[in-house]
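A.B. asks: A single structure is presented below for examination.
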Amino acid sequence: MTNSINEIENAEVILVTGSNTTEAHPQVARRMFDAVDRGAKLIVIDPRRTPLAAMAHLHLPLHPGTDIPLLNGMMRIILDENLIDDLFIEMRTENYHALRDLLFRLDLDEVVRITGVPLDTISQAARLYARTQKAVICYCLGITQHICGTENVQTLANLAMMTGHVEKEDTGVDPLRGQNNVQGACDMGSLPNVFPSYQPVSNEDYREKFEKAWQTSLSGTPGLTLLDMTHGGADGAIRGLFIMGENPMLSDPVLSKVKETLTGLDFLVVVDLFMTDTAKLAHVVLPAASFAEKTGTFTNSERRVQMVRRAIPPIPGCKTDLEIIMNLSRRMGYPMEYDSPAEVMEEIALLTPIYGGMHHDRLENSWGLQWPCWDRQHPGTPFLHKYFFTRGRGHFVPASHQSPSEPMDATYPFQLMTGRIYHQYHTGTMSRKGTLLNRENGEALLQIHPDDAGRDNIRHGEMIILASRRGEIRVKAEVSDQVAPGTLYTTFHFSEAPINLLTTGARDPKANCPEYKICAARVEKIRQGP
Amino acid sequence: MPDILTTCVYCGCGCGLYLHEENGRITGSTPSREHPISRGNLCVKGWHLHEFIHSAERLTQPLIRKNGVLTPSSWDEALDLTATELLRIKENTGDQGLGVMASAKCTNEENYLLQKFTRAVLKTNNIDHCARL
Ligand code: SF4
């Protein structure tokens, strides 16, 4: 996020897209409600009538995968009504004319046809957003998990930049990070192309810096992404995988391919708290300590680095991940010895400019610090672009509509979308052990519109077959008008209904993000007897 | 035993909360009142954060696959085998035969050390996590 979570409550207009915020980011949703109580207007772009959409001032129920034409339509109206921020465009951005050319060629009737949203709703949203001073856009995986995910994000940035809604307090574009420490894992360089602090491995200067610090030679060739590793392992080149706290056998698309890849390895190590579906395939399983049994830091969605404190010693038989890695490195001829997580953080601060001032003693005595935090004296950065707008000017990248990778047809007439629910977390390895969490949302449900259910005589609560071109699963039907006719929605938390057996292998070529949000599907009653 | 202030592991909001400890067991959680995100409030996942910690299903012993079956082993045996196998694959395949999956659920310190391990010991940049999922 460029803003802090608390800034959202001061916004005058909040535009939420591709985020089921009340369920996935409850505290962010709470700030949105506070803002609405103070008079802010809430605009929700979502194919489903989510709880947040139900209470929005404007809900734009677009057809799945049509975010770009919808946002372009909004921008065209903003342009036609001259609600753009000329000064900001002139002073702080570049390539605006390319966007303007694209918008002038845009046919608004076609936008309405593709998105299914009436023109006056689009206009109202455009005016509300453009006319206000403090406008925040929040988006989540509903935007990125498409083949055109990168373009979706750029289009949101175009909208924010043309109206000058960036670089200010209480105003900006905020990606909401799903898991608790996704931000930190990226910051720390758990990515194939960058060292900590996003310093590219292919850059000789950075490489030299890390070679010096680590006293060893390093490769400058960017590595494979997660999906490359789990889907074929670069045509079998990958012979061994070390998996720490991940469960690709449930979270990754096209599970059959993942299984084939993992079982084909010479050696698979899984470090986890529980016997996950991935661990079941491993050659070695190592029991890890939970967050309550170790000290360290997490970085939340607003870049706040905060302490995690050990409350109890590791459960007998378990080791912390730090201990496990140190033990292995010792055995492999490159001992990495640290007395404490605080000492690891000292090394991080030394090599990771945006964490330059992060030390455990500082974090201990505060509610954390938001990066960039360059040195010990630096107070942290609550909102980002003021100091940090990458490479000077904001660059407009116009984009046009791309049809979802998988068209529907007579056999697979539904669009299936996937997401998460309030009581469960990711693949459920942790949250499903919590008894209450399981009692409240203990099984996968498939949302289907009453009209569609009625046609096939599907009853609420009935087990039905859900199939795509890749496979089929059984799942309980939830007849609900949260979804539009022709669309289906379900979650991926449950191993009994592994939805990723069905999802497509198509992905955004730029960000390598799988297209989870949409695939073509059909539903069928389970036939009794022979 | 005083309550321990820590950070929720379930979502990117990052609520501050106290874990209650009794006789070595975590028995519950309550929100921090002053913390800028939680401000005295947690969602249902945060209130029930402690429930998985002492689950009977926690793994408490390393396992090694022997004759096709995952069999309990000592830490030394499991770590020795892991180190040997990783080194063997590295010898045979150069920098392209090994891959590492880090975790968005692990701490920054663990992620840092794991990517250092990947780059400095395994000599590859094949490391990623499920940021995109
Ligand atoms: S308590 Fe709920 S909102 Fe807060 S961090 Fe945990 S999961 Fe997120």
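Convention: chains lettered A, B, ... in structure tokens order; per-chain residue numbering from 1; ligands numbered from 1 as shown.
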Just list as a PyMOL selection string whatever in chain B DSSP marks as helix (DSSP H, G or I).

C.D. replies: chain B and resi 44-47+49-52+75-96+108-121+130-132

A.B. asks: Each residue of chain B with at least one atom at most 6 Å from ligand 1 should appear once, together with its nearest atom pair and the corresponding distance in Å (one decimal); atoms considered: only C-alpha atoms and all ligand atoms; ordering: chain, then increasing residue number; output as JSON lines.

C.D. replies:
{"residue": "B:Cys8", "atom": "CA", "partner": "ligand 1", "partner_atom_place_in_ligand_line": "6 (Fe)", "distance": 4.6}
{"residue": "B:Tyr10", "atom": "CA", "partner": "ligand 1", "partner_atom_place_in_ligand_line": "7 (S)", "distance": 4.3}
{"residue": "B:Cys11", "atom": "CA", "partner": "ligand 1", "partner_atom_place_in_ligand_line": "8 (Fe)", "distance": 4.0}
{"residue": "B:Cys13", "atom": "CA", "partner": "ligand 1", "partner_atom_place_in_ligand_line": "5 (S)", "distance": 4.6}
{"residue": "B:Gly14", "atom": "CA", "partner": "ligand 1", "partner_atom_place_in_ligand_line": "5 (S)", "distance": 4.1}
{"residue": "B:Cys15", "atom": "CA", "partner": "ligand 1", "partner_atom_place_in_ligand_line": "5 (S)", "distance": 4.2}
{"residue": "B:Leu42", "atom": "CA", "partner": "ligand 1", "partner_atom_place_in_ligand_line": "1 (S)", "distance": 4.2}
{"residue": "B:Cys43", "atom": "CA", "partner": "ligand 1", "partner_atom_place_in_ligand_line": "2 (Fe)", "distance": 4.0}
{"residue": "B:Lys45", "atom": "CA", "partner": "ligand 1", "partner_atom_place_in_ligand_line": "7 (S)", "distance": 5.0}
{"residue": "B:Gly46", "atom": "CA", "partner": "ligand 1", "partner_atom_place_in_ligand_line": "1 (S)", "distance": 3.4}

A.B. asks: Go ahead and dump the residues you just picked, C-alpha atoms, as a PDB file, in the first residue's frame.

C.D. replies:
ATOM      1  CA  CYS B   8      -1.505 -11.782  14.031  1.00  0.00           C
ATOM      2  CA  TYR B  10      -3.641 -14.479   9.400  1.00  0.00           C
ATOM      3  CA  CYS B  11      -3.853 -11.465   7.121  1.00  0.00           C
ATOM      4  CA  CYS B  13      -3.711  -6.047   8.175  1.00  0.00           C
ATOM      5  CA  GLY B  14      -1.222  -7.004  10.888  1.00  0.00           C
ATOM      6  CA  CYS B  15      -3.240  -6.571  14.072  1.00  0.00           C
ATOM      7  CA  LEU B  42      -9.838  -8.236  16.058  1.00  0.00           C
ATOM      8  CA  CYS B  43     -11.695 -10.199  13.435  1.00  0.00           C
ATOM      9  CA  LYS B  45      -9.581 -15.196  12.866  1.00  0.00           C
ATOM     10  CA  GLY B  46      -7.561 -13.117  15.318  1.00  0.00           C
TER      11      GLY B  46
END

A.B. asks: Between A:Ala98, A:Leu286, A:Thr155, A:Leu226, which one has atoms that come closest to Arg65 of chain B, using only C-alpha atoms?

C.D. replies: A:Leu286

A.B. asks: Taking only C-alpha atoms into account, name the residue in B:Thr118, B:Gly94, B:Asp76, B:Glu109 that is nearest to chain A.

C.D. replies: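 Ranked by minimum distance to chain A, first place goes to B:Glu109.
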
A.B. asks: So which bits of segment 35-130 of chain A end up strand (DSSP E or B) when you DSSP the backbone, as a PyMOL selection string?

C.D. replies: chain A and resi 41-45+58-60+93-94

A.B. asks: Using only C-alpha atoms, find the one residue out of B:Gly99, B:Gly40, B:Pro72, B:Gly16 that sits nearest to chain A.

C.D. replies: B:Gly99

A.B. asks: Near Val271 of chain A, within 7 Å and counting only C-alpha atoms, which residues show up once chain neighbours fewer than 2 positions away are dropped, as a list of chain:residue names?

C.D. replies: A:Ile243, A:Met244, A:Gly245, A:Val269, A:Val285, A:Leu286, A:Pro287, A:Ala288

A.B. asks: Which one of A:Thr418, A:Gln183, A:Gln199, A:Ser366 sits closest to Ser103 of chain B if you count only C-alpha atoms?

C.D. replies: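 Among A:Thr418, A:Gln183, A:Gln199, A:Ser366, it is A:Gln183 that comes nearest to Ser103 of chain B.
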
A.B. asks: For Ala292 of chain A, please output as a PDB file with N, CA, C and O atoms, in the first residue's frame all residues within 12 Å (counting only C-alpha atoms; exclusion window: fewer than 5 positions along the same chain).

C.D. replies:
ATOM      1  N   MET A 307       7.009  -6.605  15.463  1.00  0.00           N
ATOM      2  CA  MET A 307       7.569  -7.756  16.169  1.00  0.00           C
ATOM      3  C   MET A 307       6.552  -8.891  16.307  1.00  0.00           C
ATOM      4  O   MET A 307       5.376  -8.684  16.562  1.00  0.00           O
ATOM      5  N   VAL A 308       7.080 -10.096  16.137  1.00  0.00           N
ATOM      6  CA  VAL A 308       6.384 -11.314  16.512  1.00  0.00           C
ATOM      7  C   VAL A 308       7.185 -11.827  17.698  1.00  0.00           C
ATOM      8  O   VAL A 308       8.410 -11.911  17.609  1.00  0.00           O
ATOM      9  N   ARG A 309       6.535 -12.107  18.817  1.00  0.00           N
ATOM     10  CA  ARG A 309       7.311 -12.470  20.004  1.00  0.00           C
ATOM     11  C   ARG A 309       7.039 -13.896  20.448  1.00  0.00           C
ATOM     12  O   ARG A 309       5.900 -14.355  20.429  1.00  0.00           O
ATOM     13  N   ARG A 310       8.108 -14.531  20.877  1.00  0.00           N
ATOM     14  CA  ARG A 310       7.978 -15.892  21.355  1.00  0.00           C
ATOM     15  C   ARG A 310       7.205 -15.909  22.670  1.00  0.00           C
ATOM     16  O   ARG A 310       7.597 -15.261  23.641  1.00  0.00           O
ATOM     17  N   ALA A 311       6.103 -16.645  22.698  1.00  0.00           N
ATOM     18  CA  ALA A 311       5.293 -16.716  23.914  1.00  0.00           C
ATOM     19  C   ALA A 311       5.556 -18.002  24.679  1.00  0.00           C
ATOM     20  O   ALA A 311       5.454 -18.048  25.897  1.00  0.00           O
ATOM     21  N   ILE A 312       5.890 -19.064  23.948  1.00  0.00           N
ATOM     22  CA  ILE A 312       6.206 -20.354  24.565  1.00  0.00           C
ATOM     23  C   ILE A 312       7.368 -20.962  23.795  1.00  0.00           C
ATOM     24  O   ILE A 312       7.601 -20.600  22.639  1.00  0.00           O
ATOM     25  N   PRO A 313       8.124 -21.874  24.419  1.00  0.00           N
ATOM     26  CA  PRO A 313       9.195 -22.540  23.665  1.00  0.00           C
ATOM     27  C   PRO A 313       8.584 -23.427  22.585  1.00  0.00           C
ATOM     28  O   PRO A 313       7.402 -23.765  22.676  1.00  0.00           O
ATOM     29  N   PRO A 314       9.367 -23.782  21.559  1.00  0.00           N
ATOM     30  CA  PRO A 314       8.818 -24.670  20.525  1.00  0.00           C
ATOM     31  C   PRO A 314       8.197 -25.923  21.149  1.00  0.00           C
ATOM     32  O   PRO A 314       8.710 -26.451  22.132  1.00  0.00           O
ATOM     33  N   ILE A 315       7.090 -26.370  20.579  1.00  0.00           N
ATOM     34  CA  ILE A 315       6.462 -27.629  20.988  1.00  0.00           C
ATOM     35  C   ILE A 315       7.542 -28.710  20.880  1.00  0.00           C
ATOM     36  O   ILE A 315       8.281 -28.746  19.894  1.00  0.00           O
ATOM     37  N   THR A 320      12.510 -24.035  15.054  1.00  0.00           N
ATOM     38  CA  THR A 320      12.156 -22.856  14.270  1.00  0.00           C
ATOM     39  C   THR A 320      12.817 -22.957  12.899  1.00  0.00           C
ATOM     40  O   THR A 320      13.828 -23.643  12.718  1.00  0.00           O
TER      41      THR A 320
ATOM     42  N   ASP B   3       0.759 -11.489  29.670  1.00  0.00           N
ATOM     43  CA  ASP B   3       0.384 -11.769  28.282  1.00  0.00           C
ATOM     44  C   ASP B   3       1.495 -11.291  27.352  1.00  0.00           C
ATOM     45  O   ASP B   3       2.213 -10.356  27.676  1.00  0.00           O
ATOM     46  N   ILE B   4       1.611 -11.920  26.220  1.00  0.00           N
ATOM     47  CA  ILE B   4       2.707 -11.581  25.311  1.00  0.00           C
ATOM     48  C   ILE B   4       2.151 -10.844  24.097  1.00  0.00           C
ATOM     49  O   ILE B   4       1.293 -11.366  23.378  1.00  0.00           O
ATOM     50  N   LEU B   5       2.669  -9.652  23.864  1.00  0.00           N
ATOM     51  CA  LEU B   5       2.241  -8.856  22.716  1.00  0.00           C
ATOM     52  C   LEU B   5       2.887  -9.407  21.448  1.00  0.00           C
ATOM     53  O   LEU B   5       4.094  -9.619  21.390  1.00  0.00           O
ATOM     54  N   THR B   6       2.089  -9.651  20.424  1.00  0.00           N
ATOM     55  CA  THR B   6       2.652 -10.152  19.171  1.00  0.00           C
ATOM     56  C   THR B   6       1.775  -9.695  18.006  1.00  0.00           C
ATOM     57  O   THR B   6       0.902  -8.853  18.177  1.00  0.00           O
ATOM     58  N   THR B   7       2.045 -10.234  16.799  1.00  0.00           N
ATOM     59  CA  THR B   7       1.343  -9.799  15.599  1.00  0.00           C
ATOM     60  C   THR B   7       0.563 -10.976  15.027  1.00  0.00           C
ATOM     61  O   THR B   7       1.077 -12.085  14.972  1.00  0.00           O
ATOM     62  N   CYS B   8      -0.651 -10.728  14.586  1.00  0.00           N
ATOM     63  CA  CYS B   8      -1.505 -11.782  14.031  1.00  0.00           C
ATOM     64  C   CYS B   8      -0.878 -12.385  12.778  1.00  0.00           C
ATOM     65  O   CYS B   8      -0.259 -11.698  11.983  1.00  0.00           O
ATOM     66  N   VAL B   9      -1.059 -13.706  12.603  1.00  0.00           N
ATOM     67  CA  VAL B   9      -0.474 -14.370  11.427  1.00  0.00           C
ATOM     68  C   VAL B   9      -1.446 -14.561  10.280  1.00  0.00           C
ATOM     69  O   VAL B   9      -1.098 -15.185   9.297  1.00  0.00           O
ATOM     70  N   LEU B  17      -1.818  -8.041  19.009  1.00  0.00           N
ATOM     71  CA  LEU B  17      -2.662  -8.728  19.982  1.00  0.00           C
ATOM     72  C   LEU B  17      -1.803  -9.373  21.064  1.00  0.00           C
ATOM     73  O   LEU B  17      -0.597  -9.540  20.917  1.00  0.00           O
ATOM     74  N   TYR B  18      -2.474  -9.715  22.163  1.00  0.00           N
ATOM     75  CA  TYR B  18      -1.805 -10.395  23.275  1.00  0.00           C
ATOM     76  C   TYR B  18      -2.177 -11.860  23.262  1.00  0.00           C
ATOM     77  O   TYR B  18      -3.354 -12.212  23.105  1.00  0.00           O
ATOM     78  N   LEU B  19      -1.158 -12.702  23.415  1.00  0.00           N
ATOM     79  CA  LEU B  19      -1.424 -14.124  23.588  1.00  0.00           C
ATOM     80  C   LEU B  19      -1.443 -14.408  25.085  1.00  0.00           C
ATOM     81  O   LEU B  19      -0.589 -13.917  25.827  1.00  0.00           O
ATOM     82  N   HIS B  20      -2.419 -15.205  25.539  1.00  0.00           N
ATOM     83  CA  HIS B  20      -2.468 -15.598  26.948  1.00  0.00           C
ATOM     84  C   HIS B  20      -1.795 -16.947  27.111  1.00  0.00           C
ATOM     85  O   HIS B  20      -2.096 -17.864  26.353  1.00  0.00           O
ATOM     86  N   GLU B  21      -0.922 -17.001  28.111  1.00  0.00           N
ATOM     87  CA  GLU B  21      -0.203 -18.241  28.311  1.00  0.00           C
ATOM     88  C   GLU B  21      -0.508 -18.782  29.703  1.00  0.00           C
ATOM     89  O   GLU B  21      -0.522 -18.036  30.674  1.00  0.00           O
ATOM     90  N   GLY B  24       2.536 -23.041  30.010  1.00  0.00           N
ATOM     91  CA  GLY B  24       3.172 -23.449  28.765  1.00  0.00           C
ATOM     92  C   GLY B  24       2.211 -23.618  27.601  1.00  0.00           C
ATOM     93  O   GLY B  24       2.614 -24.032  26.516  1.00  0.00           O
ATOM     94  N   ARG B  25       0.949 -23.328  27.801  1.00  0.00           N
ATOM     95  CA  ARG B  25      -0.004 -23.434  26.693  1.00  0.00           C
ATOM     96  C   ARG B  25      -0.612 -22.068  26.383  1.00  0.00           C
ATOM     97  O   ARG B  25      -0.858 -21.269  27.277  1.00  0.00           O
ATOM     98  N   ILE B  26      -0.839 -21.825  25.095  1.00  0.00           N
ATOM     99  CA  ILE B  26      -1.512 -20.590  24.704  1.00  0.00           C
ATOM    100  C   ILE B  26      -3.010 -20.857  24.768  1.00  0.00           C
ATOM    101  O   ILE B  26      -3.518 -21.766  24.106  1.00  0.00           O
ATOM    102  N   THR B  27      -3.716 -20.048  25.565  1.00  0.00           N
ATOM    103  CA  THR B  27      -5.125 -20.351  25.794  1.00  0.00           C
ATOM    104  C   THR B  27      -6.070 -19.343  25.148  1.00  0.00           C
ATOM    105  O   THR B  27      -7.277 -19.563  25.116  1.00  0.00           O
ATOM    106  N   GLY B  28      -5.542 -18.236  24.660  1.00  0.00           N
ATOM    107  CA  GLY B  28      -6.457 -17.284  24.049  1.00  0.00           C
ATOM    108  C   GLY B  28      -5.719 -16.056  23.566  1.00  0.00           C
ATOM    109  O   GLY B  28      -4.496 -15.963  23.685  1.00  0.00           O
ATOM    110  N   SER B  29      -6.466 -15.119  22.976  1.00  0.00           N
ATOM    111  CA  SER B  29      -5.853 -13.884  22.513  1.00  0.00           C
ATOM    112  C   SER B  29      -6.808 -12.729  22.736  1.00  0.00           C
ATOM    113  O   SER B  29      -8.028 -12.919  22.749  1.00  0.00           O
ATOM    114  N   LEU B  49      -6.959 -17.201  17.028  1.00  0.00           N
ATOM    115  CA  LEU B  49      -5.604 -17.416  16.546  1.00  0.00           C
ATOM    116  C   LEU B  49      -4.891 -18.555  17.254  1.00  0.00           C
ATOM    117  O   LEU B  49      -4.063 -19.243  16.676  1.00  0.00           O
ATOM    118  N   HIS B  50      -5.193 -18.726  18.541  1.00  0.00           N
ATOM    119  CA  HIS B  50      -4.426 -19.686  19.337  1.00  0.00           C
ATOM    120  C   HIS B  50      -4.823 -21.118  19.055  1.00  0.00           C
ATOM    121  O   HIS B  50      -4.128 -22.044  19.446  1.00  0.00           O
ATOM    122  N   GLU B  51      -5.954 -21.314  18.377  1.00  0.00           N
ATOM    123  CA  GLU B  51      -6.522 -22.661  18.382  1.00  0.00           C
ATOM    124  C   GLU B  51      -5.668 -23.712  17.677  1.00  0.00           C
ATOM    125  O   GLU B  51      -5.723 -24.876  18.028  1.00  0.00           O
ATOM    126  N   PHE B  52      -4.890 -23.288  16.691  1.00  0.00           N
ATOM    127  CA  PHE B  52      -4.117 -24.318  15.971  1.00  0.00           C
ATOM    128  C   PHE B  52      -2.788 -24.652  16.655  1.00  0.00           C
ATOM    129  O   PHE B  52      -2.185 -25.674  16.371  1.00  0.00           O
ATOM    130  N   ILE B  53      -2.356 -23.784  17.583  1.00  0.00           N
ATOM    131  CA  ILE B  53      -1.001 -23.934  18.123  1.00  0.00           C
ATOM    132  C   ILE B  53      -0.813 -25.284  18.810  1.00  0.00           C
ATOM    133  O   ILE B  53       0.198 -25.945  18.619  1.00  0.00           O
ATOM    134  N   HIS B  54      -1.799 -25.672  19.621  1.00  0.00           N
ATOM    135  CA  HIS B  54      -1.657 -26.937  20.348  1.00  0.00           C
ATOM    136  C   HIS B  54      -2.474 -28.052  19.716  1.00  0.00           C
ATOM    137  O   HIS B  54      -2.833 -29.029  20.377  1.00  0.00           O
ATOM    138  N   CYS B 106       6.128 -17.077   6.949  1.00  0.00           N
ATOM    139  CA  CYS B 106       7.329 -17.033   7.782  1.00  0.00           C
ATOM    140  C   CYS B 106       7.725 -15.580   8.046  1.00  0.00           C
ATOM    141  O   CYS B 106       7.280 -14.657   7.376  1.00  0.00           O
ATOM    142  N   THR B 107       8.615 -15.397   9.023  1.00  0.00           N
ATOM    143  CA  THR B 107       9.053 -14.049   9.392  1.00  0.00           C
ATOM    144  C   THR B 107      10.010 -13.488   8.350  1.00  0.00           C
ATOM    145  O   THR B 107      10.510 -14.217   7.479  1.00  0.00           O
TER     146      THR B 107
END

A.B. asks: Quick one: everything within 9 Å of segment 333-337 of chain A, counting only C-alpha atoms, minus sequence neighbours fewer than 3 positions away in the same chain. Send it as a list in words.

C.D. replies: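 Near neighbours after the sequence-gap exclusion: Ile325, Met326, Asn327, Leu328, Ser329 and Arg330 of chain A; Leu113, Phe117, Ala120 and Val121 of chain B.
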
A.B. asks: Out of B:Thr60, B:Asp95, B:Asn23, B:Thr30, which residue has the shortest atom-to-atom distance to chain A when counting only C-alpha atoms?

C.D. replies: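 Ranking B:Thr60, B:Asp95, B:Asn23, B:Thr30 by distance to chain A, first place goes to B:Thr60.
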
A.B. asks: Considering only C-alpha atoms, state which residue in the set A:Leu488, A:Leu369, A:Ala185, A:Leu384 is at the smallest distance from chain B.

C.D. replies: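 When distances to chain B are compared using only C-alpha atoms, the smallest one comes from A:Ala185.
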
A.B. asks: Just want the 9 Å neighbourhood of Leu265 of chain A, counted on only C-alpha atoms, with same-chain residues fewer than 6 positions away dropped. Output as a list in words.

C.D. replies: Gly233, Gly236, Ile238, Arg239, Gly240 and Leu241 of chain A

A.B. asks: Can you write just those residues out, N, CA and C atoms, as a compact mmCIF listing (two decimals), in the first residue's frame?

C.D. replies:
# COMPACT_ATOMS: atom_id res chain seq x y z
N GLY A 233 8.71 -28.08 -13.52
CA GLY A 233 10.06 -27.84 -13.04
C GLY A 233 11.03 -27.57 -14.18
N GLY A 236 11.62 -30.59 -16.24
CA GLY A 236 12.34 -31.63 -15.51
C GLY A 236 13.74 -31.26 -15.08
N ILE A 238 14.51 -29.20 -12.77
CA ILE A 238 14.49 -29.17 -11.31
C ILE A 238 14.42 -30.60 -10.78
N ARG A 239 15.44 -30.97 -9.99
CA ARG A 239 15.47 -32.33 -9.43
C ARG A 239 15.14 -32.35 -7.94
N GLY A 240 15.34 -31.22 -7.28
CA GLY A 240 15.06 -31.19 -5.84
C GLY A 240 14.39 -29.89 -5.44
N LEU A 241 13.40 -29.98 -4.53
CA LEU A 241 12.73 -28.77 -4.05
C LEU A 241 12.74 -28.74 -2.52

A.B. asks: Separation of atom CA of Leu350 of chain A and atom CA of Asn300 of chain A, in Å?

C.D. replies: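 Value for the atom CA of Leu350 of chain A-atom CA of Asn300 of chain A distance: 21.2 Å.
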
A.B. asks: Record the distance separating atom CA of Ile78 of chain A and atom CA of Met162 of chain A, expressed in Å with one decimal.

C.D. replies: 8.8 Å
